[in-house]
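Structure data (CSV, C-alpha atoms and all ligand atoms) from coords_21.csv:
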chain,number,residue,atom,x,y,z
A,1,MET,CA,0.0,0.0,0.0
A,2,ARG,CA,1.3,3.4,-1.0
A,3,LEU,CA,2.2,5.4,2.1
A,4,GLY,CA,2.6,9.2,2.4
A,5,VAL,CA,4.5,10.0,5.6
A,6,ALA,CA,4.3,13.4,7.4
A,7,VAL,CA,7.3,14.3,9.6
A,8,SER,CA,8.6,17.2,11.7
A,9,GLY,CA,11.2,15.5,13.8
A,10,ASN,CA,14.0,12.9,13.8
A,11,GLY,CA,12.1,10.6,11.5
A,12,SER,CA,13.1,7.4,13.2
A,13,ASN,CA,9.6,5.9,12.7
A,14,LEU,CA,9.9,6.9,9.0
A,15,ARG,CA,13.2,5.1,8.8
A,16,ASN,CA,11.8,2.1,10.5
A,17,LEU,CA,9.0,1.8,8.0
A,18,VAL,CA,11.4,2.1,5.0
A,19,GLU,CA,13.8,-0.4,6.5
A,20,ARG,CA,11.0,-2.9,7.0
A,21,GLY,CA,10.1,-2.6,3.3
A,22,PHE,CA,6.9,-0.5,3.5
A,23,GLU,CA,6.2,1.4,0.3
A,24,VAL,CA,6.8,5.0,1.3
A,25,VAL,CA,6.1,6.9,-1.9
A,26,ALA,CA,6.1,10.5,-0.5
A,27,VAL,CA,7.2,12.4,2.6
A,28,ALA,CA,5.9,15.8,3.6
A,29,THR,CA,7.3,18.1,6.2
A,30,ASN,CA,6.7,21.5,7.7
A,31,ARG,CA,10.3,21.5,9.0
A,32,PRO,CA,12.7,21.2,6.0
A,33,SER,CA,15.7,20.9,8.4
A,34,CYS,CA,14.4,18.0,10.4
A,35,GLY,CA,15.9,14.5,10.4
A,36,GLY,CA,13.0,13.0,8.7
A,37,ALA,CA,13.3,15.3,5.7
A,38,ALA,CA,17.1,14.6,5.5
A,39,PHE,CA,16.3,10.9,5.5
A,40,ALA,CA,13.8,11.3,2.6
A,41,ARG,CA,16.4,13.2,0.6
A,42,GLU,CA,19.1,10.6,1.4
A,43,ARG,CA,16.8,7.8,0.1
A,44,GLY,CA,15.5,9.7,-2.8
A,45,ILE,CA,11.9,9.6,-1.6
A,46,PRO,CA,9.9,12.5,-3.1
A,47,LEU,CA,9.8,15.2,-0.4
A,48,ALA,CA,7.4,18.2,0.0
A,49,GLU,CA,8.8,21.0,2.1
A,50,LEU,CA,5.8,22.9,3.4
A,51,PRO,CA,6.9,25.4,6.1
A,52,GLN,CA,4.0,27.4,7.4
A,53,LYS,CA,5.7,30.7,6.5
A,54,ASP,CA,5.2,29.9,2.8
A,55,PHE,CA,1.4,29.7,3.2
A,56,ALA,CA,-1.3,32.2,4.1
A,57,SER,CA,-3.0,29.7,6.4
A,58,ALA,CA,-2.9,26.2,7.8
A,59,ARG,CA,-5.6,25.3,5.3
A,60,GLU,CA,-3.5,26.4,2.4
A,61,ARG,CA,-0.6,24.4,3.7
A,62,ASP,CA,-2.7,21.3,4.0
A,63,LEU,CA,-4.2,21.7,0.5
A,64,ALA,CA,-0.6,21.7,-0.8
A,65,MET,CA,0.1,18.5,1.2
A,66,ARG,CA,-3.1,16.9,0.0
A,67,ASP,CA,-2.3,17.7,-3.6
A,68,PHE,CA,1.3,16.4,-3.2
A,69,PHE,CA,0.2,13.1,-1.6
A,70,LYS,CA,-2.7,12.6,-4.1
A,71,GLY,CA,-0.2,13.3,-6.9
A,72,HIS,CA,1.9,10.4,-5.7
A,73,GLY,CA,-1.1,8.1,-5.4
A,74,VAL,CA,-0.9,7.9,-1.6
A,75,GLU,CA,-3.4,5.5,-0.2
A,76,LEU,CA,-2.7,5.9,3.5
A,77,VAL,CA,-1.2,8.9,5.3
A,78,VAL,CA,1.1,8.2,8.3
A,79,ASP,CA,1.7,11.0,10.8
A,80,ALA,CA,5.0,9.9,12.2
A,81,GLY,CA,6.1,12.7,14.5
A,82,TYR,CA,4.2,15.4,12.6
A,83,ASP,CA,3.7,18.3,14.9
A,84,ARG,CA,0.8,20.1,13.2
A,85,ILE,CA,-2.9,19.4,13.3
A,86,HIS,CA,-4.5,18.7,10.0
A,87,THR,CA,-7.2,21.0,8.9
A,88,GLU,CA,-10.6,19.7,7.9
A,89,ALA,CA,-10.0,19.8,4.1
A,90,PHE,CA,-7.1,17.4,4.6
A,91,VAL,CA,-8.9,15.0,6.9
A,92,GLU,CA,-11.8,15.0,4.5
A,93,ALA,CA,-9.6,14.3,1.5
A,94,PHE,CA,-8.1,11.2,3.3
A,95,ARG,CA,-11.1,10.3,5.4
A,96,ASP,CA,-10.3,7.1,7.5
A,97,ARG,CA,-7.0,7.0,5.7
A,98,ILE,CA,-4.7,8.9,8.1
A,99,VAL,CA,-3.0,7.3,11.1
A,100,ASN,CA,-1.0,9.0,13.9
A,101,ILE,CA,1.5,7.6,16.4
A,102,HIS,CA,1.4,9.1,19.8
A,103,PRO,CA,3.8,8.4,22.7
A,104,SER,CA,1.2,7.5,25.4
A,105,LEU,CA,-1.6,5.0,26.1
A,106,LEU,CA,-4.4,7.3,24.8
A,107,PRO,CA,-6.7,8.6,26.1
A,108,ALA,CA,-4.0,9.3,28.8
A,109,PHE,CA,-1.6,12.2,28.1
A,110,GLY,CA,-3.2,13.1,24.8
A,111,GLY,CA,-3.4,16.5,23.2
A,112,GLY,CA,0.2,17.7,23.8
A,113,MET,CA,3.7,17.4,22.5
A,114,ASP,CA,5.1,16.3,25.9
A,115,ALA,CA,3.4,13.0,26.6
A,116,ILE,CA,6.5,11.4,28.0
A,117,GLU,CA,7.2,14.3,30.4
A,118,GLN,CA,3.6,14.3,31.4
A,119,ALA,CA,3.7,10.5,32.2
A,120,LEU,CA,6.8,10.9,34.3
A,121,GLY,CA,5.4,13.9,36.1
A,122,ALA,CA,2.2,12.1,36.9
A,123,GLY,CA,4.2,9.2,38.5
A,124,VAL,CA,2.4,6.5,36.6
A,125,ASP,CA,3.8,2.9,36.6
A,126,ARG,CA,3.1,2.4,32.9
A,127,THR,CA,2.7,4.4,29.8
A,128,GLY,CA,3.2,3.4,26.2
A,129,ALA,CA,2.4,4.2,22.6
A,130,THR,CA,-0.8,4.3,20.5
A,131,VAL,CA,-1.6,4.3,16.8
A,132,HIS,CA,-5.0,5.7,16.1
A,133,VAL,CA,-7.0,6.9,13.1
A,134,VAL,CA,-6.9,10.6,12.7
A,135,THR,CA,-10.3,12.4,12.9
A,136,ALA,CA,-11.0,16.1,13.3
A,137,ASP,CA,-10.5,15.7,17.1
A,138,LEU,CA,-6.9,15.8,18.3
A,139,ASP,CA,-5.6,12.4,19.5
A,140,ALA,CA,-9.2,11.2,19.7
A,141,GLY,CA,-9.8,9.0,16.7
A,142,PRO,CA,-10.4,5.2,16.9
A,143,ILE,CA,-7.5,3.3,18.4
A,144,LEU,CA,-5.8,0.7,16.2
A,145,VAL,CA,-3.0,-0.7,18.3
A,146,GLN,CA,-1.4,0.1,21.7
A,147,GLU,CA,1.6,-1.2,23.5
A,148,ALA,CA,2.3,-0.6,27.2
A,149,VAL,CA,5.8,0.4,28.5
A,150,ASP,CA,6.6,0.1,32.2
A,151,VAL,CA,8.1,3.3,33.8
A,152,LEU,CA,11.2,2.2,35.6
A,153,GLU,CA,12.7,3.7,38.7
A,154,GLY,CA,15.2,6.4,37.7
A,155,ASP,CA,13.8,6.8,34.3
A,156,THR,CA,14.5,10.2,32.6
A,157,PRO,CA,12.5,11.6,29.7
A,158,GLU,CA,15.3,10.2,27.4
A,159,THR,CA,15.4,6.7,28.8
A,160,LEU,CA,11.7,6.4,28.8
A,161,ARG,CA,11.4,7.9,25.3
A,162,GLN,CA,13.8,5.4,24.0
A,163,ARG,CA,11.7,2.4,25.2
A,164,VAL,CA,8.5,4.1,24.0
A,165,HIS,CA,10.1,4.5,20.6
A,166,GLU,CA,11.0,0.8,20.5
A,167,ALA,CA,7.3,0.0,21.1
A,168,GLU,CA,6.4,2.5,18.3
A,169,TYR,CA,8.6,0.6,15.9
A,170,ARG,CA,6.5,-2.5,16.6
A,171,ILE,CA,3.0,-1.1,16.6
A,172,LEU,CA,3.2,1.3,13.7
A,173,PRO,CA,3.9,-1.5,11.2
A,174,GLN,CA,1.1,-3.6,12.8
A,175,ALA,CA,-1.4,-0.7,12.6
A,176,ILE,CA,-0.5,-0.1,8.9
A,177,ARG,CA,-1.1,-3.8,8.1
A,178,LEU,CA,-4.4,-3.6,9.9
A,179,MET,CA,-5.4,-0.6,7.8
A,180,GLU,CA,-4.2,-2.3,4.7
A,181,ALA,CA,-6.5,-5.3,5.4
A,182,ARG,CA,-9.4,-2.9,6.2
A,183,LEU,CA,-9.0,-0.8,3.2
A,184,ALA,CA,-8.7,-3.8,0.9
A,185,LYS,CA,-12.4,-4.3,1.6
A,186,SER,CA,-13.4,-0.7,0.8
A,187,PRO,CA,-13.4,1.1,-2.5
A,188,ALA,CA,-10.3,2.8,-3.8
A,189,VAL,CA,-9.4,6.3,-2.8
A,190,GLY,CA,-11.0,9.0,-5.0
A,201,LIG,C1,7.2,9.7,18.4
A,201,LIG,O1,7.4,9.6,19.7
A,201,LIG,C2,5.7,9.8,18.1
A,201,LIG,O2,5.0,9.1,18.9
A,201,LIG,C3,5.5,11.3,18.3
A,201,LIG,O3,6.6,11.9,17.8
A,201,LIG,C4,7.7,11.1,17.9
A,201,LIG,C5,8.4,11.0,16.6
A,201,LIG,O4,9.7,10.4,16.6
A,201,LIG,N1,4.3,11.7,17.6
A,201,LIG,P1,10.5,10.1,15.3
A,201,LIG,O5,10.6,11.5,14.6
A,201,LIG,O6,9.8,9.1,14.5
A,201,LIG,O7,11.8,9.7,15.8
Re-express the file's structure as structure tokens.
Ligand code: GRF
Amino acid sequence: MRLGVAVSGNGSNLRNLVERGFEVVAVATNRPSCGGAAFARERGIPLAELPQKDFASARERDLAMRDFFKGHGVELVVDAGYDRIHTEAFVEAFRDRIVNIHPSLLPAFGGGMDAIEQALGAGVDRTGATVHVVTADLDAGPILVQEAVDVLEGDTPETLRQRVHEAEYRILPQAIRLMEARLAKSPAVG
């Protein structure tokens, strides 16, 4: 299945997907200097650089991303460390075909960029990672796969983040396969 991946950060989930043989046909970023964008360039994956400053509104930026992904025949959009919220036009264009990975066991610690720090601050015994379908509500779409990660004594944001990332590398591929099986039963994207 043809994947379009949106990134803003290091891009380690993007790298994991490519190394596992997923068909990543396009990468979009709002941060051209991020590690994910560098990886796309290095691998020769078509890359759209869409910094917000180049657009009059978030909607305009999203329409450019929509057209870029559609132009590459993207069937499923994967938000892999993408730090913007998609506007309605984008979510509608890929309705039920966008997944996001979030570093907590949603609905716990949703809605922010600091889920790892929040979990540590709350003193919970376990946190984890979630892949969910993206809807108009932030971090609230149907959950596809979750994996729990124990918080260990002495954990810092860095040590915990590393173990959460390892869980992400397992569950994002699982979620994509699940979506692939689901979408195989529904009509092709318009
Ligand atoms: C991951 O922890 C993901 O859950 C969150 O952003 C991080 C991206 O990491 N949404 P990377 O850029 O894939 O390394």
Atom pair CA of Gly35 in chain A / CA of Gly81 in chain A: separation (Å): 10.8 Å
With distances taken over all atoms listed in the file, which of A:Ala129, A:Val27, A:Val91, A:Leu47 is nearest to ligand LIG 201 (chain A)?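 That would be A:Ala129, the residue with the smallest distance to ligand LIG 201 (chain A).
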Distance filter 9 Å around ligand LIG 201 (chain A), atoms: all atoms listed in the file, out as a ChimeraX atom specification: /A:7-16,34-36,79-83,100-104,113,115-116,129-131,161-162,164-165,168-169
Got a sec to check which residues sit within 12 Å of (17.9, 4.8, 0.2), counting all atoms listed in the file, and write them as number ranges by chain? A: 15, 18-19, 21, 24, 38-46
Nearby residues (all atoms listed in the file) at most 6 Å from His132 in chain A, same-chain spacing under 6 positions excluded, as an MDAnalysis selection string: chainID A and resid 99:100 141:144
Any chance you could tabulate, as CSV, the residues of range 33-124 of chain A at most 10 Å from range 179-185 of chain A with each one's nearest atom pair and distance in Å to one decimal, using all atoms listed in the file, in chain and rising number order?
residue,atom,partner,partner_atom,distance
A:Glu75,CA,A:Leu183,CA,9.1
A:Leu76,CA,A:Met179,CA,8.2
A:Asp96,CA,A:Leu183,CA,9.1
A:Arg97,CA,A:Met179,CA,8.0
A:Ile98,CA,A:Met179,CA,9.5
A:Val99,CA,A:Met179,CA,8.9
Determine the nearest neighbour of Leu105 in chain A from the options A:Gln118, A:Thr135, A:Gln146, A:Thr29, counting only C-alpha atoms. A:Gln146
Looking at A:Ala89, A:Val78, A:Ala48, A:Ala148, which one is nearest to Leu172 in chain A, with distances taken over all atoms listed in the file? A:Val78
Return the single residue from A:Arg84, A:Arg66, A:Ala26, A:Leu120 that is closest to Pro51 in chain A, with distances computed using all atoms listed in the file.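 So, comparing all the options, the nearest one is A:Arg84.
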First collect every listed atom of range 137-148 of chain A; then fit an axis-aligned box around them, widen it by 3 Å on each side, and give centre and edge lengths in Å to one decimal, as AutoDock Vina command-line options.
--center_x -4.1 --center_y 7.3 --center_z 21.7 --size_x 18.8 --size_y 23.0 --size_z 17.0
Please list, as JSON, numbers by chain, the residues that have an atom at most 7 Å away from (5.5, -2.4, 7.3) in the coordinates of this file, counting all atoms listed in the file. {"A": [17, 20, 21, 22, 173, 176, 177]}
Distance CA of Ile171 in chain A-CA of Thr156 in chain A, one decimal place? 22.7 Å
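Counting only C-alpha atoms and comparing A:Glu60, A:Glu117, A:Ser33, A:Phe68, the residue that lies closest to Val5 in chain A is A:Phe68.
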Please list as JSON, numbers by chain every residue within 7 Å of Asp125 in chain A, counting all atoms listed in the file and excluding residues in the same chain fewer than 2 positions away. {"A": [123, 150, 151]}
Would you save the residues of that selection, restricted to C-alpha atoms, as an mmCIF file, in the frame of the given file?
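Resulting contents of part-v4.cif:
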data_model
loop_
_atom_site.group_PDB
_atom_site.id
_atom_site.type_symbol
_atom_site.label_atom_id
_atom_site.label_comp_id
_atom_site.auth_asym_id
_atom_site.auth_seq_id
_atom_site.Cartn_x
_atom_site.Cartn_y
_atom_site.Cartn_z
ATOM 1 C CA GLY A 123 4.200 9.200 38.500
ATOM 2 C CA ASP A 150 6.600 0.100 32.200
ATOM 3 C CA VAL A 151 8.100 3.300 33.800
#
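The two atoms in question, CA of Met1 in chain A and CA of Asp137 in chain A, are spaced 25.5 Å apart.
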